Amino acid sequence: MSVVIEGKALTQDYAVGGGMFTGAKTVRAVKGVDFAVERGKTLAIVGESGSGKSTLARIIALIDAPSGGELRVAGEVVDIARQRLTPDMRSKVQMVFQNPYGSLNPRQKVGDVLMEPLLINTALPAAERRDRAEAMLAKVGLAPEHFNRYPHMFSGGQRQRIAIARALMLNPALLVLDEPVSALDLSVQAQVLNLLADLQEEFDLTYVFVSHDLSVVRYIADDVLVLSRGVAVEQGPRADLFAKPQHPYTQQLFVATPVTDVAAIRARVERRKAARIGALSN
Amino acid sequence: MALLEIKNLTVRFDTSNGAFTAVDGVDVSVDGREVLAIVGESGSGKSVSMLAVMGLLPDTATVTADAMIYDGRDLLKMSAAERQKLIGREITMIFQEPVASLNPSFTVGFQIEEVLRFNMGMDRRAARGRAVELFNAVGIPDPETKLDAYPHQMSGGQCQRVMIAMAIASNPRLLIADEPTTALDVTIQKQILDLLMDLQEKHGMALILITHDMGVVAETADRVIVQYKGRKMEEADVLSLFENPQNAYTRALLSALPENAKGDRLPTVAEFMAAEALQ
């Protein structure tokens, strides 16, 4: 098994404040996170708002340089603060964002959205670019006639398919998915999760999947990293983590997650009935 | 007798492409002290039907119903002034985006005291005292200081607590909550749902909870209405709905929950409905 992406002691500092008379303070959003993901596997990063999960995702996607620590892609140290990324390295890691309404250019036709990465990163002729874009459109479950349409003509789920297709145009080894289904309806969420599972199998893709939703994580992840205030409070194989969460924060997340289990609902309904009878007899 | 009973509610919008029917012949009734969840995906008309009750729809909407009876009186036959006395007092509503629901230019204290002064006829001093009480009731720590905060100085969860405080200020008999926890983290969601259930129980209000989240339904509702494309698909008590869903769409929704996944693939609603149609 080869490790596709590996982070060691990653940190990220942001400068905040700093008015006319006060110096800027630094806030450490990610505090020394280690992880490694093997080829074809999915690492889920779980956390709430402010946990640093999107900051970490941007570091992994080679968008932001970390303030400290080391990031290796396929064994090779990558430091975007010091060296320009090679096109080859840029192609290896791609990202899909949460909001498919904001991540597509409204003035760009879907075909152009898909062909642009090839235009910038490869020397392929126009005809070949077009063929590959059309093939990818079919792969993500869209029709050939969608090629010349604009993003506003699509539903949220279709747009997320387009964003996934764009991310796959350069044959990446790693996809960083930042809350890719949280803006979608339940039924559409199921379709996109299925699509991601199919694509992972077909292209032997590695996923880093950022999510706040434990039921989605349980479905899609091989390994889970729980982030709280920039610290990886717990990480390990999915089965272990779901069977026996160790850290109090993870346990708190599990307690807060609503359950749709019939036995739990029955217990709640009965508690409520009992409380009412109690209130009436008082 | 039901506290609110709506019969055959239809809401149409005039659009440039002709009329669009957002809610199509839906019956809704809720008893006093009951928690009713209306669940559906986007476009199901779940919010629109309750906005129709509140009279918050734009002029392009045409609302018709055979009856919209609140506490024995028909909301549709009332004068605007009579209706005004109920809406915002006996029937109140909170929304999905707590930060956007508050006015950013005024302190939260000013906004809640405004409700108390205009709706309840309190003077400034009394309103201030009651605002502190309400902030205590919804679990905002250090209420005297927090009343002077602006919405942007508070977290999303705290802004939702402020909204809830405003909504219960008049001791309403019916609170309508439209996706009250959708913008919030799961631990904060739990706190807000616990707070709503606690207030509902304590004040004996009826609560209508509009949501897309089956987990929220499972944790709160007494009774559930499932809506799809403006129509009611199913209505049942919460246990029967999860244990023995009668409608194909309800079954499809439940089977699309990741926690119910059997094997590698999630059945999607479209596939599920097609498979059911074949059987």
# chains A, B, ... in the order shown; residues from 1 in each chain; ligands from 1
>>> residues_around(residues="range 188-197 of chain B", least_positions_apart="3", cutoff="9 Å", atoms="only C-alpha atoms", output="PyMOL selection string")
(chain A and resi 255-258) or (chain B and resi 35+138-139+156-157+160-161+164+180-185+200-202+207+216+219-220)
>>> interface_residues(of="chain B", to="chain A", cutoff="8 Å", atoms="only C-alpha atoms", output="MDAnalysis selection string")
chainID B and resid 41:42 185:187 189:190 212 214:216 218:219 222 238:239 242:243 253 256:259 261 265:270
>>> residues_around(residues="Pro245 in chain B", least_positions_apart="5", cutoff="12 Å", atoms="only C-alpha atoms", output="list of chain:residue names")
A:Val262, B:Val224, B:Ile225, B:Val226, B:Met233, B:Glu234, B:Glu235, B:Ala236, B:Asp237, B:Val238, B:Leu239, B:Ser240, B:Thr250, B:Arg251, B:Ala252, B:Leu253, B:Leu254, B:Ser255
>>> select_by_dssp(residues="range 131-230 of chain A", states="strand (DSSP E or B)", output="PyMOL selection string")
chain A and resi 174-178+206-211+223-228
>>> write_last_selection(atoms="C-alpha atoms", output="mmCIF file, in the first residue's frame")
data_model
loop_
_atom_site.group_PDB
_atom_site.id
_atom_site.type_symbol
_atom_site.label_atom_id
_atom_site.label_comp_id
_atom_site.auth_asym_id
_atom_site.auth_seq_id
_atom_site.Cartn_x
_atom_site.Cartn_y
_atom_site.Cartn_z
ATOM 1 C CA LEU A 174 -6.298 12.746 -4.421
ATOM 2 C CA LEU A 175 -9.601 14.580 -4.128
ATOM 3 C CA VAL A 176 -10.150 16.914 -1.202
ATOM 4 C CA LEU A 177 -13.902 17.204 -0.674
ATOM 5 C CA ASP A 178 -14.963 19.995 1.678
ATOM 6 C CA THR A 206 -7.924 8.717 -2.555
ATOM 7 C CA TYR A 207 -10.359 10.991 -0.736
ATOM 8 C CA VAL A 208 -9.975 13.454 2.081
ATOM 9 C CA PHE A 209 -13.589 14.078 3.019
ATOM 10 C CA VAL A 210 -14.379 16.991 5.317
ATOM 11 C CA SER A 211 -17.737 16.723 7.041
ATOM 12 C CA ASP A 223 -10.379 6.353 8.656
ATOM 13 C CA VAL A 224 -11.641 9.249 10.712
ATOM 14 C CA LEU A 225 -9.829 12.227 12.209
ATOM 15 C CA VAL A 226 -11.795 14.255 14.754
ATOM 16 C CA LEU A 227 -10.705 17.872 14.956
ATOM 17 C CA SER A 228 -11.571 20.204 17.808
#
>>> closest_residue(among="B:Ser47, B:Ser101, B:Ser29, B:Gln111", to="Ile69 in chain B", atoms="only C-alpha atoms")
B:Ser29
>>> residues_around(residues="Asp13 in chain A", least_positions_apart="6", cutoff="8 Å", atoms="only C-alpha atoms", output="list of chain:residue names")
A:Thr26, A:Val27, A:Arg28, A:Ala29, A:Val30, A:Pro66, A:Ser67
>>> write_last_selection(atoms="C-alpha atoms", output="mmCIF file, in the first residue's frame")
data_model
loop_
_atom_site.group_PDB
_atom_site.id
_atom_site.type_symbol
_atom_site.label_atom_id
_atom_site.label_comp_id
_atom_site.auth_asym_id
_atom_site.auth_seq_id
_atom_site.Cartn_x
_atom_site.Cartn_y
_atom_site.Cartn_z
ATOM 1 C CA THR A 26 -1.932 35.315 15.718
ATOM 2 C CA VAL A 27 -4.524 32.618 16.069
ATOM 3 C CA ARG A 28 -3.370 29.057 15.592
ATOM 4 C CA ALA A 29 -6.208 27.430 13.622
ATOM 5 C CA VAL A 30 -4.479 24.069 13.165
ATOM 6 C CA PRO A 66 0.973 25.712 6.261
ATOM 7 C CA SER A 67 2.786 27.844 8.852
#
>>> residues_around(residues="Val33 in chain A", least_positions_apart="2", cutoff="10 Å", atoms="only C-alpha atoms", output="list in words")
Gly7, Lys8, Ala9, Leu10, Thr11, Gln12, Val30, Lys31, Phe35, Leu56, Gly69, Leu225, Leu227, Gly230, Val231, Ala232 and Val233 of chain A
>>> write_last_selection(atoms="all heavy atoms", output="short mmCIF file (atom, residue, chain, number, x, y, z; two decimals), in the first residue's frame")
data_model
loop_
_atom_site.label_atom_id
_atom_site.label_comp_id
_atom_site.auth_asym_id
_atom_site.auth_seq_id
_atom_site.Cartn_x
_atom_site.Cartn_y
_atom_site.Cartn_z
N GLY A 7 0.70 14.13 6.30
CA GLY A 7 1.00 15.41 6.96
C GLY A 7 1.67 15.13 8.28
O GLY A 7 1.32 14.19 8.98
N LYS A 8 2.68 15.96 8.60
CA LYS A 8 3.38 15.80 9.89
C LYS A 8 3.39 17.13 10.61
O LYS A 8 3.90 18.12 10.09
CB LYS A 8 4.82 15.34 9.65
CG LYS A 8 4.92 13.85 9.30
CD LYS A 8 6.10 13.21 10.02
CE LYS A 8 6.12 11.70 9.81
NZ LYS A 8 6.76 11.33 8.54
N ALA A 9 2.83 17.15 11.81
CA ALA A 9 2.87 18.33 12.68
C ALA A 9 2.44 19.60 11.95
O ALA A 9 3.05 20.65 12.10
CB ALA A 9 4.26 18.50 13.28
N LEU A 10 1.38 19.49 11.14
CA LEU A 10 0.94 20.65 10.37
C LEU A 10 0.33 21.70 11.30
O LEU A 10 -0.49 21.39 12.16
CB LEU A 10 -0.10 20.24 9.33
CG LEU A 10 0.42 19.43 8.14
CD1 LEU A 10 -0.75 18.92 7.31
CD2 LEU A 10 1.36 20.27 7.29
N THR A 11 0.72 22.94 11.11
CA THR A 11 0.10 24.05 11.84
C THR A 11 -0.27 25.15 10.87
O THR A 11 0.30 25.25 9.78
CB THR A 11 1.06 24.66 12.89
OG1 THR A 11 2.21 25.16 12.22
CG2 THR A 11 1.49 23.63 13.92
N GLN A 12 -1.24 25.94 11.27
CA GLN A 12 -1.60 27.11 10.47
C GLN A 12 -1.91 28.27 11.40
O GLN A 12 -2.72 28.13 12.32
CB GLN A 12 -2.82 26.79 9.58
CG GLN A 12 -3.22 27.91 8.65
CD GLN A 12 -2.19 28.14 7.54
OE1 GLN A 12 -1.09 28.64 7.79
NE2 GLN A 12 -2.52 27.74 6.34
N VAL A 30 -4.80 25.51 13.20
CA VAL A 30 -4.48 24.07 13.17
C VAL A 30 -3.22 23.88 13.99
O VAL A 30 -2.23 24.58 13.79
CB VAL A 30 -4.26 23.59 11.71
CG1 VAL A 30 -3.79 22.15 11.70
CG2 VAL A 30 -5.55 23.73 10.89
N LYS A 31 -3.31 22.98 14.97
CA LYS A 31 -2.22 22.88 15.95
C LYS A 31 -1.53 21.52 15.90
O LYS A 31 -1.79 20.65 16.72
CB LYS A 31 -2.78 23.10 17.36
CG LYS A 31 -3.45 24.45 17.54
CD LYS A 31 -4.22 24.51 18.85
CE LYS A 31 -4.98 25.81 18.98
NZ LYS A 31 -6.03 25.75 20.00
N PHE A 35 -1.30 12.95 9.90
CA PHE A 35 -2.20 11.96 9.29
C PHE A 35 -1.51 11.36 8.07
O PHE A 35 -0.52 11.91 7.57
CB PHE A 35 -3.51 12.62 8.86
CG PHE A 35 -3.34 13.61 7.75
CD1 PHE A 35 -3.41 13.21 6.43
CD2 PHE A 35 -3.02 14.92 8.04
CE1 PHE A 35 -3.20 14.13 5.40
CE2 PHE A 35 -2.80 15.84 7.03
CZ PHE A 35 -2.89 15.45 5.71
N LEU A 56 -7.43 22.99 7.36
CA LEU A 56 -6.62 21.81 7.10
C LEU A 56 -6.86 21.31 5.67
O LEU A 56 -5.90 20.94 4.97
CB LEU A 56 -6.95 20.71 8.12
CG LEU A 56 -6.14 19.42 8.05
CD1 LEU A 56 -4.65 19.69 8.21
CD2 LEU A 56 -6.60 18.44 9.14
N GLY A 69 5.28 22.49 9.83
CA GLY A 69 5.04 21.08 9.56
C GLY A 69 5.37 20.73 8.13
O GLY A 69 5.85 21.57 7.36
N LEU A 225 -10.63 11.34 11.37
CA LEU A 225 -9.83 12.23 12.21
C LEU A 225 -10.79 13.26 12.79
O LEU A 225 -11.48 13.95 12.05
CB LEU A 225 -8.75 12.88 11.34
CG LEU A 225 -7.66 13.76 11.97
CD1 LEU A 225 -6.48 13.83 11.00
CD2 LEU A 225 -8.13 15.15 12.28
N LEU A 227 -11.43 16.64 14.71
CA LEU A 227 -10.71 17.87 14.96
C LEU A 227 -11.54 18.76 15.88
O LEU A 227 -12.72 18.95 15.66
CB LEU A 227 -10.50 18.57 13.60
CG LEU A 227 -9.29 19.45 13.37
CD1 LEU A 227 -8.00 18.72 13.64
CD2 LEU A 227 -9.31 19.95 11.93
N GLY A 230 -8.62 22.92 16.33
CA GLY A 230 -7.32 22.78 15.68
C GLY A 230 -6.51 21.59 16.11
O GLY A 230 -5.42 21.35 15.59
N VAL A 231 -7.02 20.82 17.08
CA VAL A 231 -6.28 19.66 17.57
C VAL A 231 -6.98 18.38 17.12
O VAL A 231 -8.21 18.28 17.23
CB VAL A 231 -6.20 19.67 19.11
CG1 VAL A 231 -5.42 18.46 19.62
CG2 VAL A 231 -5.54 20.96 19.60
N ALA A 232 -6.19 17.42 16.63
CA ALA A 232 -6.77 16.13 16.28
C ALA A 232 -6.96 15.35 17.58
O ALA A 232 -6.03 14.73 18.07
CB ALA A 232 -5.86 15.37 15.32
N VAL A 233 -8.17 15.43 18.16
CA VAL A 233 -8.37 14.83 19.47
C VAL A 233 -8.49 13.31 19.39
O VAL A 233 -8.24 12.60 20.36
CB VAL A 233 -9.62 15.40 20.19
CG1 VAL A 233 -9.40 16.87 20.54
CG2 VAL A 233 -10.87 15.24 19.35
#
>>> select_by_dssp(residues="range 30-215 of chain B", states="alpha helix (DSSP H)", output="PyMOL selection string")
chain B and resi 46-54+80-86+98-101+108-120+124-137+143-146+156-168+186-203+214-215
>>> atom_distance(atom1="CA of Met166 in chain B", atom2="CA of Val11 in chain B")
28.1 Å
>>> residues_around(residues="range 59-67 of chain B", least_positions_apart="3", cutoff="7 Å", atoms="only C-alpha atoms", output="PyMOL selection string")
chain B and resi 6-14+52+74
